[in-house]
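What follows is upload-v8.txt (compact mmCIF, C-alpha atoms and all ligand atoms).
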```txt
# COMPACT_ATOMS: atom_id res chain seq x y z
CA MET A 1 0.00 0.00 0.00
CA PHE A 2 1.41 3.37 -1.03
CA LYS A 3 0.89 6.45 1.08
CA THR A 4 1.94 10.04 0.41
CA LEU A 5 2.52 12.16 3.49
CA ASN A 6 4.55 15.02 4.95
CA ALA A 7 7.42 13.99 7.17
CA LEU A 8 10.06 15.59 9.34
CA VAL A 9 13.19 13.45 9.58
CA LEU A 10 13.95 13.30 13.30
CA ARG A 11 16.80 10.82 13.01
CA GLU A 12 18.71 8.93 10.37
CA VAL A 13 20.94 5.94 10.95
CA ARG A 14 23.17 4.41 8.33
CA TYR A 15 22.20 0.84 7.56
CA LYS A 16 24.27 -1.61 5.54
CA GLU A 17 26.12 -0.18 2.56
CA ALA A 18 23.98 2.75 1.50
CA ASP A 19 20.59 2.57 3.23
CA ARG A 20 19.17 4.88 5.84
CA ILE A 21 16.82 3.92 8.64
CA LEU A 22 14.71 7.00 9.38
CA THR A 23 12.68 8.05 12.37
CA LEU A 24 9.96 10.23 10.92
CA LEU A 25 7.36 12.49 12.44
CA THR A 26 4.56 12.45 9.89
CA ASP A 27 1.30 14.35 9.56
CA THR A 28 -1.00 11.37 9.05
CA GLU A 29 0.78 8.37 10.64
CA GLY A 30 2.50 10.02 13.61
CA LYS A 31 5.97 8.76 14.48
CA ILE A 32 7.12 5.91 12.29
CA THR A 33 10.31 4.15 11.24
CA ALA A 34 11.05 3.85 7.54
CA LYS A 35 13.85 2.46 5.46
CA ALA A 36 15.28 4.51 2.59
CA ARG A 37 17.06 2.05 0.32
CA GLY A 38 20.21 3.34 -1.35
CA ALA A 39 19.66 6.87 0.04
CA LEU A 40 23.37 7.27 0.71
CA ARG A 41 24.31 6.67 -2.92
CA LYS A 42 25.29 9.82 -4.78
CA SER A 43 22.85 9.03 -7.56
CA SER A 44 19.94 8.54 -5.15
CA ARG A 45 16.83 10.64 -5.77
CA THR A 46 15.93 10.47 -2.09
CA ALA A 47 19.33 11.50 -0.67
CA ALA A 48 18.53 15.16 0.10
CA ALA A 49 15.00 14.61 1.38
CA THR A 50 15.94 11.83 3.80
CA GLN A 51 18.61 13.81 5.69
CA GLN A 52 18.09 14.46 9.37
CA LEU A 53 16.13 17.69 10.07
CA THR A 54 14.58 17.89 6.62
CA TYR A 55 10.88 18.37 6.02
CA ALA A 56 9.76 16.45 2.95
CA GLU A 57 6.84 15.05 1.07
CA MET A 58 7.34 11.32 0.89
CA THR A 59 5.61 8.44 -0.76
CA LEU A 60 6.05 5.39 1.41
CA PHE A 61 5.25 1.78 0.80
CA GLY A 62 3.76 0.15 3.86
CA ASN A 63 3.44 -3.52 4.57
CA ARG A 64 2.28 -4.69 8.01
CA GLY A 65 3.75 -1.69 9.79
CA ARG A 66 7.04 -1.74 7.88
CA TRP A 67 7.62 1.35 5.77
CA THR A 68 9.93 1.92 2.86
CA VAL A 69 10.58 5.29 1.20
CA ASN A 70 9.63 5.14 -2.45
CA GLU A 71 9.90 8.82 -3.35
CA ALA A 72 10.86 11.90 -1.38
CA ALA A 73 10.96 15.59 -2.26
CA VAL A 74 12.29 18.35 0.00
CA LYS A 75 9.68 20.85 1.19
CA GLU A 76 11.87 22.76 3.66
CA PRO A 77 15.59 22.00 3.97
CA PHE A 78 16.17 24.33 6.95
CA GLU A 79 19.24 25.58 5.13
CA GLY A 80 20.21 27.95 7.96
CA LEU A 81 20.90 25.02 10.28
CA ARG A 82 23.50 23.40 8.08
CA GLY A 83 27.07 24.42 8.65
CA ASP A 84 26.32 26.05 12.01
CA MET A 85 27.23 23.65 14.81
CA GLU A 86 25.41 25.62 17.48
CA LYS A 87 22.09 25.81 15.63
CA LEU A 88 22.44 22.23 14.46
CA ALA A 89 22.98 21.06 18.05
CA LEU A 90 19.85 22.84 19.28
CA ALA A 91 17.88 21.53 16.30
CA ALA A 92 19.04 18.01 17.17
CA TYR A 93 17.78 18.57 20.73
CA ILE A 94 14.38 19.66 19.37
CA ALA A 95 14.30 16.49 17.27
CA GLU A 96 15.36 14.30 20.20
CA CYS A 97 12.63 15.80 22.40
CA ALA A 98 10.01 15.38 19.67
CA GLU A 99 11.03 11.75 19.28
CA ALA A 100 10.99 11.13 23.03
CA LEU A 101 7.56 12.67 23.57
CA SER A 102 5.70 11.36 20.55
CA VAL A 103 3.93 8.05 20.37
CA GLU A 104 4.35 5.53 17.54
CA ASP A 105 1.63 5.49 14.87
CA GLN A 106 -0.44 8.25 16.45
CA PRO A 107 -0.80 11.52 14.51
CA GLU A 108 0.21 14.54 16.59
CA PRO A 109 -0.30 17.55 14.31
CA GLU A 110 0.35 20.12 17.05
CA LEU A 111 3.65 18.52 18.04
CA MET A 112 4.66 18.41 14.41
CA GLN A 113 3.73 22.06 13.87
CA LEU A 114 5.61 23.10 17.02
CA SER A 115 8.75 21.26 15.93
CA LEU A 116 8.59 22.69 12.41
CA ASN A 117 7.94 26.25 13.63
CA CYS A 118 10.84 26.13 16.08
CA LEU A 119 13.25 24.65 13.53
CA TYR A 120 12.18 27.33 11.07
CA ALA A 121 12.72 30.11 13.64
CA LEU A 122 16.11 28.68 14.53
CA SER A 123 17.10 28.32 10.90
CA ARG A 124 16.05 31.88 10.04
CA GLU A 125 17.28 33.37 13.33
CA LEU A 126 13.82 34.71 14.24
CA GLY A 127 14.80 34.87 17.92
CA ALA A 128 17.61 34.10 20.35
CA GLN A 129 18.37 30.39 20.66
CA GLU A 130 17.53 30.51 24.37
CA LYS A 131 14.11 31.97 23.55
CA ILE A 132 13.29 29.37 20.88
CA LYS A 133 14.47 26.58 23.18
CA ALA A 134 12.41 27.75 26.15
CA ALA A 135 9.29 28.26 24.02
CA PHE A 136 9.68 24.80 22.52
CA GLU A 137 10.22 23.10 25.87
CA ALA A 138 7.33 24.86 27.61
CA ARG A 139 4.87 24.26 24.80
CA LEU A 140 6.01 20.67 24.33
CA MET A 141 5.20 19.99 27.99
CA CYS A 142 1.70 21.43 27.49
CA LEU A 143 1.09 19.33 24.35
CA SER A 144 2.35 16.19 26.10
CA GLY A 145 -0.10 16.39 28.98
CA TYR A 146 2.33 18.00 31.42
CA ALA A 147 0.98 21.55 31.31
CA PRO A 148 2.02 23.33 34.52
CA GLU A 149 -0.73 24.75 36.77
CA LEU A 150 -0.17 28.49 36.57
CA GLY A 151 -3.44 30.02 37.83
CA ALA A 152 -2.44 31.16 41.31
CA CYS A 153 -0.31 29.83 44.17
CA ALA A 154 -1.39 26.19 44.65
CA VAL A 155 -0.87 26.52 48.41
CA CYS A 156 -2.26 29.92 49.50
CA GLY A 157 -4.36 30.72 46.42
CA ARG A 158 -2.91 34.21 45.95
CA GLU A 159 -1.06 35.67 42.98
CA PRO A 160 2.55 35.13 44.11
CA ALA A 161 4.76 38.17 44.60
CA GLU A 162 7.79 35.90 44.25
CA PRO A 163 6.54 33.13 41.96
CA VAL A 164 8.33 29.79 41.70
CA LEU A 165 7.47 26.58 39.86
CA ASN A 166 7.28 23.49 42.01
CA LEU A 167 8.94 20.77 39.94
CA ASP A 168 7.48 17.98 42.05
CA ASN A 169 3.87 18.71 41.10
CA GLY A 170 4.15 21.20 38.22
CA CYS A 171 2.28 23.87 40.18
CA LEU A 172 2.89 27.57 40.59
CA CYS A 173 3.46 28.72 44.16
CA CYS A 174 5.05 31.45 46.26
CA ARG A 175 8.69 31.09 47.18
CA SER A 176 7.68 30.61 50.83
CA CYS A 177 4.62 28.37 50.25
CA GLY A 178 4.80 24.58 50.50
CA ALA A 179 7.72 22.17 50.23
CA GLY A 180 9.44 20.46 47.32
CA GLU A 181 11.97 21.21 44.61
CA LYS A 182 11.29 24.69 43.27
CA VAL A 183 12.72 26.76 40.46
CA GLU A 184 12.55 30.54 40.52
CA LEU A 185 10.37 32.24 37.90
CA GLY A 186 9.82 35.86 38.90
CA PRO A 187 6.79 37.79 37.56
CA GLU A 188 8.18 38.36 34.06
CA ALA A 189 9.06 34.73 33.31
CA LEU A 190 5.74 33.66 34.83
CA ALA A 191 3.87 35.94 32.41
CA ALA A 192 5.87 34.41 29.52
CA LEU A 193 5.10 30.88 30.71
CA ARG A 194 1.40 31.69 30.90
CA PHE A 195 1.63 33.11 27.39
CA LEU A 196 3.38 29.98 26.08
CA LYS A 197 0.66 27.80 27.55
CA ALA A 198 -2.17 29.63 25.80
CA ALA A 199 -0.77 31.39 22.70
CA PRO A 200 -1.86 30.35 19.18
CA ALA A 201 0.81 28.15 17.57
CA LYS A 202 1.89 30.76 15.05
CA LYS A 203 2.31 33.48 17.71
CA LEU A 204 4.39 31.35 20.05
CA LEU A 205 7.53 33.47 19.75
CA SER A 206 5.68 36.80 20.00
CA PHE A 207 6.90 37.64 23.48
CA ASN A 208 9.76 39.75 24.76
CA LEU A 209 11.76 39.24 27.92
CA SER A 210 14.70 40.87 29.64
CA ASP A 211 17.87 38.77 29.62
CA ASP A 212 17.41 37.95 33.28
CA ALA A 213 13.80 36.81 32.83
CA LEU A 214 14.72 34.74 29.76
CA LEU A 215 17.38 33.01 31.83
CA LYS A 216 14.77 32.19 34.48
CA LEU A 217 12.21 31.00 31.92
CA GLY A 218 14.86 28.83 30.26
CA GLY A 219 15.96 27.35 33.57
CA ALA A 220 12.39 26.54 34.56
CA SER A 221 11.31 25.08 31.21
CA GLU A 222 14.42 22.92 30.88
CA ARG A 223 14.36 21.58 34.42
CA TYR A 224 10.63 20.94 34.20
CA LEU A 225 11.05 18.98 30.97
CA LEU A 226 13.93 16.93 32.37
CA ARG A 227 11.97 16.23 35.51
CA ARG A 228 8.80 15.14 33.68
CA THR A 229 10.59 12.99 31.11
CA GLU A 230 12.91 11.49 33.78
CA ARG A 231 15.79 11.24 31.35
CA GLY A 232 18.75 13.16 30.01
CA PHE A 233 19.32 14.40 26.46
CA SER A 234 22.82 14.07 25.04
CA THR A 235 21.96 16.68 22.40
CA LEU A 236 21.12 19.19 25.16
CA GLU A 237 24.49 18.71 26.85
CA TYR A 238 26.20 19.07 23.49
CA TRP A 239 24.37 22.31 22.65
CA LYS A 240 25.25 23.77 26.07
CA GLN A 241 28.93 22.96 25.59
CA ILE A 242 29.05 24.65 22.20
CA ARG A 243 26.94 27.60 23.35
CA ASN A 244 29.19 28.21 26.37
CA TYR A 245 32.25 27.97 24.22
CA THR A 246 31.07 30.41 21.54
CA GLN A 247 29.72 32.88 24.10
CA MET A 248 33.02 32.82 25.93
CA GLY A 249 34.58 33.74 22.60
CA ASP A 250 32.07 36.58 22.12
CA ARG A 251 32.94 38.08 25.49
CA LYS A 252 36.65 38.24 24.76
ZN ZN B 1 1.41 31.08 48.21
```
Turn the structure described in the file into structure tokens.
Ligand SMILES: [Zn+2]
Amino acid sequence: MFKTLNALVLREVRYKEADRILTLLTDTEGKITAKARGALRKSSRTAAATQQLTYAEMTLFGNRGRWTVNEAAVKEPFEGLRGDMEKLALAAYIAECAEALSVEDQPEPELMQLSLNCLYALSRELGAQEKIKAAFEARLMCLSGYAPELGACAVCGREPAEPVLNLDNGCLCCRSCGAGEKVELGPEALAALRFLKAAPAKKLLSFNLSDDALLKLGGASERYLLRRTERGFSTLEYWKQIRNYTQMGDRK
């Protein structure tokens, strides 16, 4: 059975001489694994469209849950990511998160749109990397059923003067209210987090923060994601290393 769909290549692994095994996030089948035969040959018509972090229209042949790429044409190559180690590292983290939080064979159009929008913004430099990363992480948590409770302090019920996010239960509270592992937000980062929870997908990056508040938002969104997923991401560590290194260079 042939099926034409749109797919974002989350991961590619070399297989045998010239094949690629792809992890795809697709619009109609959700996350699937597909084999691209001969994709690593120079003459291959599917070589460009089956590269990691490419968005492509693909025609797949499916047989009892096993997919093979028959044709593939690039829709968005995210050119700006290639040749820039820092952007590529963050893009790989976005892909690793999308893979970790999606379910096999279950269409997740919002997750796909979020991943594509963030890769596009990163590729075209539509915002600081820290901003794109925090927006992605916060929204991904909301889409994955881990939306934080941000209405009022979960303990005293008031709007916190010194808001923190309780990582144990994902609830907003005052710095002095309740026990547990907390991460500081401050009013500005809290407003951004509330925005990221509710904003229309296309407006997700339409917020501005001071450097200090962005740092707090980033710290909270990252630690919350790591806590909820209960795992580490090698791509995240890699991006941090490169980012620290290049920013050290910038300061000199
Ligand atoms: Zn309180």
Check: atom CA of A:Phe61 and atom CA of A:Ile32 are how many Å apart?
Finding: 12.4 Å
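In this comparison, which uses all atoms listed in the file, the residue of A:Thr235, A:Arg158, A:Lys182, A:Gln52 approaching ligand ZN 1 (chain B) most closely is A:Arg158.
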Notebook entry, point to check: Could you pull the residues within 9 Å of stretch 97-108 of chain A, counting only C-alpha atoms, minus those fewer than 2 positions along the same chain, as JSON, numbers by chain?
Noted result: {"A": [10, 11, 23, 24, 25, 26, 27, 28, 29, 30, 31, 32, 33, 92, 93, 94, 95, 110, 111, 112, 113, 115, 137, 140, 141, 144, 229, 233]}
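Separating atom CA of A:Glu162 from atom CA of A:Pro148 is a distance of 16.9 Å.
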Given a cut-off of 8 Å, what residues near ligand ZN 1 (chain B) show up using all atoms listed in the file, put as an mmCIF file with C-alpha atoms, in the frame of the given file?
```
data_model
loop_
_atom_site.group_PDB
_atom_site.id
_atom_site.type_symbol
_atom_site.label_atom_id
_atom_site.label_comp_id
_atom_site.auth_asym_id
_atom_site.auth_seq_id
_atom_site.Cartn_x
_atom_site.Cartn_y
_atom_site.Cartn_z
ATOM 1 C CA ALA A 152 -2.440 31.160 41.310
ATOM 2 C CA CYS A 153 -0.310 29.830 44.170
ATOM 3 C CA ALA A 154 -1.390 26.190 44.650
ATOM 4 C CA VAL A 155 -0.870 26.520 48.410
ATOM 5 C CA CYS A 156 -2.260 29.920 49.500
ATOM 6 C CA GLY A 157 -4.360 30.720 46.420
ATOM 7 C CA ARG A 158 -2.910 34.210 45.950
ATOM 8 C CA GLU A 159 -1.060 35.670 42.980
ATOM 9 C CA PRO A 160 2.550 35.130 44.110
ATOM 10 C CA CYS A 173 3.460 28.720 44.160
ATOM 11 C CA CYS A 174 5.050 31.450 46.260
ATOM 12 C CA ARG A 175 8.690 31.090 47.180
ATOM 13 C CA SER A 176 7.680 30.610 50.830
ATOM 14 C CA CYS A 177 4.620 28.370 50.250
ATOM 15 C CA GLY A 178 4.800 24.580 50.500
#
```
Item checked: Long-range neighbours of stretch 213-216 of chain A as a PyMOL selection string, 6 Å cut-off, only C-alpha atoms, 4 positions minimum in chain -> chain A and resi 185+188-189+209
Only C-alpha atoms, please: the residues just picked out, written as a JSON list (two decimals), in the frame of the given file.
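Heads up, here's the output in part_19.json:
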```json
[["chain", "number", "residue", "atom", "x", "y", "z"],
["A", 185, "LEU", "CA", 10.37, 32.24, 37.90],
["A", 188, "GLU", "CA", 8.18, 38.36, 34.06],
["A", 189, "ALA", "CA", 9.06, 34.73, 33.31],
["A", 209, "LEU", "CA", 11.76, 39.24, 27.92]]
```
Margin query: One number please: atom CA of A:Glu79 to atom CA of A:Glu17, in Å, one decimal.
Written below: 26.8 Å
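The protein and nucleic acid residues lying at most 9 Å from A:Arg139 are A:Leu111, A:Leu114, A:Ala134, A:Ala135, A:Leu143, A:Ser144, A:Ala147, A:Leu193, A:Leu196, A:Lys197, A:Ala198, A:Leu204, with all atoms listed in the file considered and sequence neighbours fewer than 4 positions away removed.
Closest approach to A:Asn208 from the set A:Ala36, A:Arg66, A:Lys131, A:Leu225 is made by A:Lys131, with distances taken over all atoms listed in the file.
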Take every atom of stretch 202-220 of chain A listed in the file, fit an axis-aligned box around them, add 3 Å per side, and give the centre and edge lengths in Å to one decimal as AutoDock Vina command-line options.
```
--center_x 9.9 --center_y 33.7 --center_z 24.8 --size_x 22.0 --size_y 20.3 --size_z 25.5
```
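Considering all atoms listed in the file, the residue among A:Pro109, A:Gly249, A:Gly151, A:Gly218 positioned nearest to A:Phe136 is A:Gly218.
Closest approach to A:Gln51 from the set A:Lys35, A:Arg243, A:Arg20, A:Arg64 is made by A:Arg20, with distances taken over all atoms listed in the file.
Among the candidates A:Val74, A:Ala89, A:Ile21, A:Leu5, the residue lying nearest to A:Thr59 is A:Leu5 (atoms considered: all atoms listed in the file).
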Note to self: From the options A:Asp84, A:Glu149, A:Glu57, A:Glu181, which residue's atoms come nearest to A:Glu71, counting all atoms listed in the file?
What the structure shows: A:Glu57
Check: If you count only C-alpha atoms, which residues fall within 9 Å of A:Leu122, apart from same-chain ones fewer than 3 positions away, as a PyMOL selection string?
Finding: chain A and resi 78+80-81+87+90-91+117-119+125-129+132
Store the residues of this selection in a file with C-alpha atoms, as a PDB file, in the frame of the given file.
```
ATOM      1  CA  PHE A  78      16.170  24.330   6.950  1.00  0.00           C
ATOM      2  CA  GLY A  80      20.210  27.950   7.960  1.00  0.00           C
ATOM      3  CA  LEU A  81      20.900  25.020  10.280  1.00  0.00           C
ATOM      4  CA  LYS A  87      22.090  25.810  15.630  1.00  0.00           C
ATOM      5  CA  LEU A  90      19.850  22.840  19.280  1.00  0.00           C
ATOM      6  CA  ALA A  91      17.880  21.530  16.300  1.00  0.00           C
ATOM      7  CA  ASN A 117       7.940  26.250  13.630  1.00  0.00           C
ATOM      8  CA  CYS A 118      10.840  26.130  16.080  1.00  0.00           C
ATOM      9  CA  LEU A 119      13.250  24.650  13.530  1.00  0.00           C
ATOM     10  CA  GLU A 125      17.280  33.370  13.330  1.00  0.00           C
ATOM     11  CA  LEU A 126      13.820  34.710  14.240  1.00  0.00           C
ATOM     12  CA  GLY A 127      14.800  34.870  17.920  1.00  0.00           C
ATOM     13  CA  ALA A 128      17.610  34.100  20.350  1.00  0.00           C
ATOM     14  CA  GLN A 129      18.370  30.390  20.660  1.00  0.00           C
ATOM     15  CA  ILE A 132      13.290  29.370  20.880  1.00  0.00           C
TER      16      ILE A 132
END
```
Place N, CA, C and O atoms on stretch 82-100 of chain A and deliver the coordinates as a CSV table (one decimal), in the frame of the given file.
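The file below, selection.csv, is the result:
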```
chain,number,residue,atom,x,y,z
A,82,ARG,N,22.3,24.2,8.6
A,82,ARG,CA,23.5,23.4,8.1
A,82,ARG,C,24.8,24.3,8.2
A,82,ARG,O,24.7,25.5,7.9
A,83,GLY,N,25.8,23.7,8.6
A,83,GLY,CA,27.1,24.4,8.6
A,83,GLY,C,27.2,25.3,9.9
A,83,GLY,O,28.1,26.1,10.0
A,84,ASP,N,26.2,25.3,10.8
A,84,ASP,CA,26.3,26.0,12.0
A,84,ASP,C,26.1,25.1,13.2
A,84,ASP,O,25.0,24.6,13.5
A,85,MET,N,27.2,24.7,13.8
A,85,MET,CA,27.2,23.6,14.8
A,85,MET,C,26.3,24.0,16.0
A,85,MET,O,25.6,23.1,16.5
A,86,GLU,N,26.2,25.2,16.3
A,86,GLU,CA,25.4,25.6,17.5
A,86,GLU,C,23.9,25.4,17.2
A,86,GLU,O,23.2,24.8,18.0
A,87,LYS,N,23.5,26.0,16.0
A,87,LYS,CA,22.1,25.8,15.6
A,87,LYS,C,21.7,24.3,15.4
A,87,LYS,O,20.7,23.9,15.7
A,88,LEU,N,22.7,23.6,14.8
A,88,LEU,CA,22.4,22.2,14.5
A,88,LEU,C,22.3,21.4,15.8
A,88,LEU,O,21.4,20.5,15.8
A,89,ALA,N,23.1,21.8,16.8
A,89,ALA,CA,23.0,21.1,18.0
A,89,ALA,C,21.6,21.3,18.7
A,89,ALA,O,21.0,20.4,19.2
A,90,LEU,N,21.2,22.6,18.7
A,90,LEU,CA,19.8,22.8,19.3
A,90,LEU,C,18.7,22.2,18.5
A,90,LEU,O,17.8,21.7,19.0
A,91,ALA,N,18.9,22.2,17.2
A,91,ALA,CA,17.9,21.5,16.3
A,91,ALA,C,17.8,20.0,16.6
A,91,ALA,O,16.7,19.4,16.6
A,92,ALA,N,19.0,19.4,16.9
A,92,ALA,CA,19.0,18.0,17.2
A,92,ALA,C,18.4,17.7,18.5
A,92,ALA,O,17.7,16.7,18.7
A,93,TYR,N,18.5,18.7,19.4
A,93,TYR,CA,17.8,18.6,20.7
A,93,TYR,C,16.3,18.6,20.5
A,93,TYR,O,15.5,17.9,21.1
A,94,ILE,N,15.8,19.6,19.7
A,94,ILE,CA,14.4,19.7,19.4
A,94,ILE,C,13.9,18.3,18.8
A,94,ILE,O,12.8,17.8,19.2
A,95,ALA,N,14.7,17.8,17.9
A,95,ALA,CA,14.3,16.5,17.3
A,95,ALA,C,14.3,15.4,18.3
A,95,ALA,O,13.4,14.5,18.3
A,96,GLU,N,15.3,15.4,19.2
A,96,GLU,CA,15.4,14.3,20.2
A,96,GLU,C,14.2,14.4,21.2
A,96,GLU,O,13.6,13.4,21.5
A,97,CYS,N,13.8,15.6,21.5
A,97,CYS,CA,12.6,15.8,22.4
A,97,CYS,C,11.4,15.3,21.7
A,97,CYS,O,10.5,14.7,22.3
A,98,ALA,N,11.2,15.7,20.4
A,98,ALA,CA,10.0,15.4,19.7
A,98,ALA,C,9.9,13.9,19.6
A,98,ALA,O,8.8,13.3,19.7
A,99,GLU,N,11.0,13.2,19.4
A,99,GLU,CA,11.0,11.8,19.3
A,99,GLU,C,10.7,11.1,20.6
A,99,GLU,O,9.8,10.2,20.7
A,100,ALA,N,11.2,11.7,21.7
A,100,ALA,CA,11.0,11.1,23.0
A,100,ALA,C,9.5,11.3,23.5
A,100,ALA,O,9.0,10.4,24.2
```
